[in-house]
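Structure file final-v2.txt; described as compact mmCIF, C-alpha atoms.
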# COMPACT_ATOMS: atom_id res chain seq x y z
CA MET A 200 182.68 172.28 56.28
CA MET A 201 180.60 170.26 58.73
CA THR A 202 178.04 167.87 57.25
CA THR A 203 174.70 167.33 58.92
CA ASN A 204 173.54 163.76 59.46
CA GLN A 205 170.06 163.54 57.97
CA ILE A 206 169.24 160.31 59.80
CA ALA A 207 169.93 161.91 63.18
CA LYS A 208 167.84 164.96 62.24
CA ILE A 209 164.69 162.87 61.72
CA ARG A 210 163.88 163.23 65.45
CA GLN A 211 162.94 166.87 64.91
CA TYR A 212 159.93 165.52 62.99
CA ASP A 213 158.93 163.21 65.87
CA GLN A 214 160.00 160.16 63.88
CA SER A 215 162.08 157.28 65.15
CA ILE A 216 164.63 155.27 63.20
CA TRP A 217 164.91 151.61 64.12
CA MET A 218 167.58 149.26 62.84
CA ASP A 219 166.64 145.93 61.32
CA TYR A 220 169.83 144.13 62.31
CA LEU A 221 171.45 142.85 65.47
CA ASN A 222 174.38 140.64 66.40
CA ARG A 223 176.76 140.12 69.28
CA SER A 224 179.70 141.83 67.57
CA LEU A 225 177.62 144.98 67.13
CA ILE A 226 176.82 144.91 70.85
CA GLU A 227 180.26 143.96 72.19
CA SER A 228 182.23 146.35 69.98
CA GLY A 229 180.24 149.36 71.17
CA GLU A 230 179.04 150.01 67.63
CA LEU A 231 175.39 149.75 68.68
CA GLU A 232 175.92 152.44 71.31
CA ASP A 233 177.73 154.59 68.71
CA LEU A 234 174.79 154.24 66.31
CA ILE A 235 172.40 155.29 69.06
CA LYS A 236 174.57 158.27 69.94
CA ASN A 237 175.55 159.40 66.44
CA LEU A 238 172.51 158.46 64.35
CA ASN A 239 169.87 158.62 67.07
CA ILE A 240 168.75 155.04 66.49
CA ARG A 241 165.71 154.54 68.73
CA GLY A 242 165.09 150.78 68.57
CA VAL A 243 166.03 147.58 66.81
CA THR A 244 164.19 144.68 65.24
CA SER A 245 165.45 141.19 64.61
CA ASN A 246 164.18 137.99 63.10
CA PRO A 247 165.30 134.38 62.72
CA ALA A 248 167.01 135.05 59.36
CA ILE A 249 168.98 137.96 60.83
CA PHE A 250 170.21 135.83 63.72
CA LYS A 251 171.04 132.86 61.50
CA ALA A 252 173.23 135.10 59.34
CA SER A 253 174.73 136.72 62.46
CA ILE A 254 175.67 133.49 64.22
CA ILE A 255 177.12 131.56 61.28
CA GLY A 256 180.82 132.24 61.06
CA ASN A 257 180.84 134.84 63.86
CA LYS A 258 183.48 133.80 66.39
CA SER A 259 181.93 135.89 69.16
CA TYR A 260 179.35 133.10 69.61
CA ASP A 261 181.83 130.20 69.71
CA ALA A 262 182.37 130.02 73.49
CA ASP A 263 178.63 129.98 74.19
CA ILE A 264 178.01 127.38 71.50
CA LYS A 265 180.75 125.19 72.98
CA ALA A 266 179.29 125.62 76.48
CA GLY A 267 175.85 124.58 75.19
CA ILE A 268 177.30 121.50 73.53
CA GLU A 269 179.10 120.57 76.75
CA LYS A 270 175.79 120.90 78.63
CA LYS A 271 174.25 118.57 76.02
CA GLN A 272 171.72 121.21 74.96
CA SER A 273 169.86 120.76 71.71
CA VAL A 274 170.63 123.00 68.74
CA GLU A 275 167.33 124.79 69.38
CA GLU A 276 168.24 125.43 73.03
CA ILE A 277 171.69 126.72 72.12
CA CYS A 278 170.28 129.05 69.47
CA ALA A 279 167.57 130.34 71.81
CA ASN A 280 170.18 131.05 74.50
CA LEU A 281 172.40 132.94 72.05
CA ILE A 282 169.51 134.99 70.70
CA PHE A 283 167.93 135.72 74.08
CA ASP A 284 171.31 136.82 75.45
CA ASP A 285 171.80 139.25 72.57
CA ILE A 286 168.26 140.58 72.93
CA ARG A 287 168.75 141.12 76.69
CA LYS A 288 172.01 142.99 76.13
CA ALA A 289 170.45 145.15 73.43
CA CYS A 290 167.46 145.86 75.69
CA ASP A 291 169.86 147.02 78.39
CA ILE A 292 171.59 149.35 75.93
CA PHE A 293 168.25 150.79 74.75
CA ARG A 294 166.76 151.02 78.26
CA PRO A 295 167.68 154.71 78.77
CA ILE A 296 165.81 155.60 75.57
CA TYR A 297 162.84 153.53 76.73
CA GLU A 298 162.77 155.43 80.04
CA GLU A 299 163.47 158.88 78.56
CA SER A 300 160.78 158.47 75.89
CA GLN A 301 158.21 157.27 78.44
CA LYS A 302 158.05 153.85 76.73
CA LEU A 303 157.51 155.19 73.20
CA ASP A 304 160.95 154.10 71.95
CA GLY A 305 163.89 152.03 73.12
CA TYR A 306 162.46 148.64 72.23
CA VAL A 307 164.22 145.56 70.93
CA SER A 308 161.97 143.33 68.88
CA ILE A 309 162.31 139.55 68.56
CA GLU A 310 160.17 137.52 66.21
CA ILE A 311 158.15 134.42 66.96
CA PRO A 312 159.12 131.72 64.42
CA PRO A 313 157.09 132.25 61.23
CA SER A 314 156.31 128.52 61.24
CA LEU A 315 153.84 129.26 64.07
CA ALA A 316 151.88 131.84 62.05
CA ARG A 317 148.87 129.55 61.82
CA ASP A 318 148.97 128.10 65.34
CA THR A 319 147.40 130.43 67.88
CA GLN A 320 148.16 128.38 71.00
CA LYS A 321 151.83 127.76 70.17
CA THR A 322 152.23 131.44 69.27
CA ILE A 323 150.76 132.43 72.64
CA SER A 324 153.02 129.95 74.46
CA GLU A 325 156.16 131.11 72.66
CA THR A 326 155.26 134.78 73.16
CA GLN A 327 154.86 134.21 76.89
CA ARG A 328 158.09 132.17 77.05
CA PHE A 329 160.10 134.80 75.12
CA PHE A 330 158.79 137.62 77.30
CA LYS A 331 159.46 135.73 80.53
CA GLU A 332 162.91 134.43 79.58
CA ILE A 333 164.18 137.71 78.16
CA ASN A 334 162.75 139.50 81.20
CA ARG A 335 163.20 143.09 80.04
CA PRO A 336 160.38 145.66 80.01
CA ASN A 337 161.52 146.98 76.61
CA VAL A 338 161.48 143.70 74.73
CA MET A 339 158.85 143.61 72.00
CA ILE A 340 157.58 140.30 70.66
CA LYS A 341 156.95 140.28 66.91
CA ILE A 342 153.87 138.18 66.11
CA PRO A 343 152.62 137.41 62.59
CA GLY A 344 149.53 139.42 61.69
CA THR A 345 147.68 136.37 60.39
CA PRO A 346 144.09 135.54 61.33
CA ASP A 347 145.47 132.95 63.79
CA GLY A 348 148.02 135.45 65.07
CA MET A 349 145.36 138.03 65.92
CA ALA A 350 144.10 136.01 68.91
CA ALA A 351 147.70 135.63 70.10
CA ILE A 352 148.24 139.37 69.68
CA GLU A 353 145.14 140.15 71.73
CA GLN A 354 146.19 137.68 74.45
CA ALA A 355 149.72 139.08 74.62
CA ILE A 356 148.52 142.66 74.86
CA SER A 357 146.04 141.69 77.60
CA GLU A 358 149.00 140.26 79.57
CA GLY A 359 151.03 143.45 79.19
CA ILE A 360 153.41 141.99 76.62
CA ASN A 361 154.76 144.52 74.11
CA VAL A 362 153.80 143.44 70.60
CA ASN A 363 155.11 144.24 67.14
CA ILE A 364 152.84 142.89 64.39
CA THR A 365 154.56 141.57 61.30
CA LEU A 366 153.64 140.02 57.96
CA LEU A 367 150.75 142.32 57.16
CA PHE A 368 149.97 142.25 53.46

This structure in structure tokens:
Amino acid sequence: MMTTNQIAKIRQYDQSIWMDYLNRSLIESGELEDLIKNLNIRGVTSNPAIFKASIIGNKSYDADIKAGIEKKQSVEEICANLIFDDIRKACDIFRPIYEESQKLDGYVSIEIPPSLARDTQKTISETQRFFKEINRPNVMIKIPGTPDGMAAIEQAISEGINVNITLLF
């Protein structure tokens, strides 16, 4: 008897399932592509806590960490490079969905550090930097929905940056 995957069937109701998890092993093993194919995953979100858990103890990052150390990069620079690389690769995997859905799905979301939630100008600067450095049309920058974040959200949208608003209570 064949079982029907209820997660994959959600598309018939014009709903999209996004994953809230991403790491290099998921990308390199082909598991992310399998989840897209078999479960009809339509996007992915990430955040600093997800990446911290993903990088610690995951050998797939070791070569890039070593290269960053050899280049005398700071811990922050090394982490940003690791994260941006994973986001770019995931964006490339989701790009066909982005195109097929006419930009409704196929996004990969990366979060601005929550420590900037009350600093409009730094949030704007980091949003612009993330969007420029990742350089993929289907990257979505997650900005805290705080009063200070609202101006950054408006600025980002006015610049054509895809925005995902987080921390709304």

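Using only C-alpha atoms, the nearest neighbour of Lys236 in chain A within the list A:Gln327, A:Ser224, A:Gln211, A:Asn204 is A:Asn204.
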
Name the residues within 12 Å of (152.5, 133.7, 62.4), counting only C-alpha atoms in the file's coordinates, and put them as JSON, numbers by chain. {"A": [310, 311, 312, 313, 314, 315, 316, 317, 318, 319, 320, 321, 322, 323, 325, 326, 340, 341, 342, 343, 344, 345, 346, 347, 348, 349, 350, 351, 352, 363, 364, 365, 366, 367]}

In terms of the shortest atom-to-atom distance over only C-alpha atoms, which of A:Ala207, A:Ile292, A:Ile255, A:Ile309 is closest to Tyr220 in chain A? A:Ile309

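Counting all atoms listed in the file and comparing A:Gln301, A:Asn334, A:Gln354, A:Ser215, the residue that lies closest to Asp284 in chain A is A:Asn334.
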
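Closest approach to Ile286 in chain A from the set A:Glu298, A:Glu358, A:Glu232, A:Glu332 is made by A:Glu332, with distances taken over all atoms listed in the file.
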
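Coordinates place CA of Lys265 in chain A at a distance of 28.2 Å from CA of Ser324 in chain A.
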
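Between CA of Lys258 in chain A and CA of Ile333 in chain A lies a distance of 22.9 Å.
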
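Closest to Ala355 in chain A among A:Val274, A:Ala252, A:Met339, A:Tyr260 is A:Met339, based on all atoms listed in the file.
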
Measuring atom to atom with all atoms listed in the file, identify which of A:Asn239, A:Ser300, A:Ser259, A:Asn222 is nearest to Phe283 in chain A. A:Asn222

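CA of Ile240 in chain A to CA of Met218 in chain A spans 6.9 Å [interatomic distance, one decimal].
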
Residue neighbourhood Asp219 in chain A, 8 Å, only C-alpha atoms, exclusion window fewer than 4 positions, as a PyMOL selection string: chain A and resi 243-245

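Excluding Ala262 in chain A and any residue on its chain fewer than 6 positions from it, the residues at most 12 Å away by all atoms listed in the file are Ile254, Ile268, Glu269, Ile277 and Leu281 of chain A.
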
Any idea what's packed within 12 Å of Gln214 in chain A, counting only C-alpha atoms, ignoring anything in its chain fewer than 5 positions away? Could you give it as a PDB file with C-alpha atoms, in the coordinates of the input?
ATOM      1  CA  ILE A 206     169.240 160.310  59.800  1.00  0.00           C
ATOM      2  CA  ALA A 207     169.930 161.910  63.180  1.00  0.00           C
ATOM      3  CA  LYS A 208     167.840 164.960  62.240  1.00  0.00           C
ATOM      4  CA  ILE A 209     164.690 162.870  61.720  1.00  0.00           C
ATOM      5  CA  ASN A 239     169.870 158.620  67.070  1.00  0.00           C
ATOM      6  CA  ILE A 240     168.750 155.040  66.490  1.00  0.00           C
ATOM      7  CA  ARG A 241     165.710 154.540  68.730  1.00  0.00           C
ATOM      8  CA  GLY A 242     165.090 150.780  68.570  1.00  0.00           C
ATOM      9  CA  LEU A 303     157.510 155.190  73.200  1.00  0.00           C
ATOM     10  CA  ASP A 304     160.950 154.100  71.950  1.00  0.00           C
TER      11      ASP A 304
END

Quick one: residues within 9 Å of Asn337 in chain A, only C-alpha atoms counted, chain neighbours fewer than 2 positions away excluded, as a PDB file with C-alpha atoms, keeping the file's coordinate frame?
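Generated file (selection-v8.pdb):
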ATOM      1  CA  CYS A 290     167.460 145.860  75.690  1.00  0.00           C
ATOM      2  CA  ASP A 291     169.860 147.020  78.390  1.00  0.00           C
ATOM      3  CA  PHE A 293     168.250 150.790  74.750  1.00  0.00           C
ATOM      4  CA  ARG A 294     166.760 151.020  78.260  1.00  0.00           C
ATOM      5  CA  TYR A 297     162.840 153.530  76.730  1.00  0.00           C
ATOM      6  CA  LYS A 302     158.050 153.850  76.730  1.00  0.00           C
ATOM      7  CA  ASP A 304     160.950 154.100  71.950  1.00  0.00           C
ATOM      8  CA  GLY A 305     163.890 152.030  73.120  1.00  0.00           C
ATOM      9  CA  TYR A 306     162.460 148.640  72.230  1.00  0.00           C
ATOM     10  CA  VAL A 307     164.220 145.560  70.930  1.00  0.00           C
ATOM     11  CA  SER A 308     161.970 143.330  68.880  1.00  0.00           C
ATOM     12  CA  ASN A 334     162.750 139.500  81.200  1.00  0.00           C
ATOM     13  CA  ARG A 335     163.200 143.090  80.040  1.00  0.00           C
ATOM     14  CA  MET A 339     158.850 143.610  72.000  1.00  0.00           C
ATOM     15  CA  ASN A 361     154.760 144.520  74.110  1.00  0.00           C
TER      16      ASN A 361
END
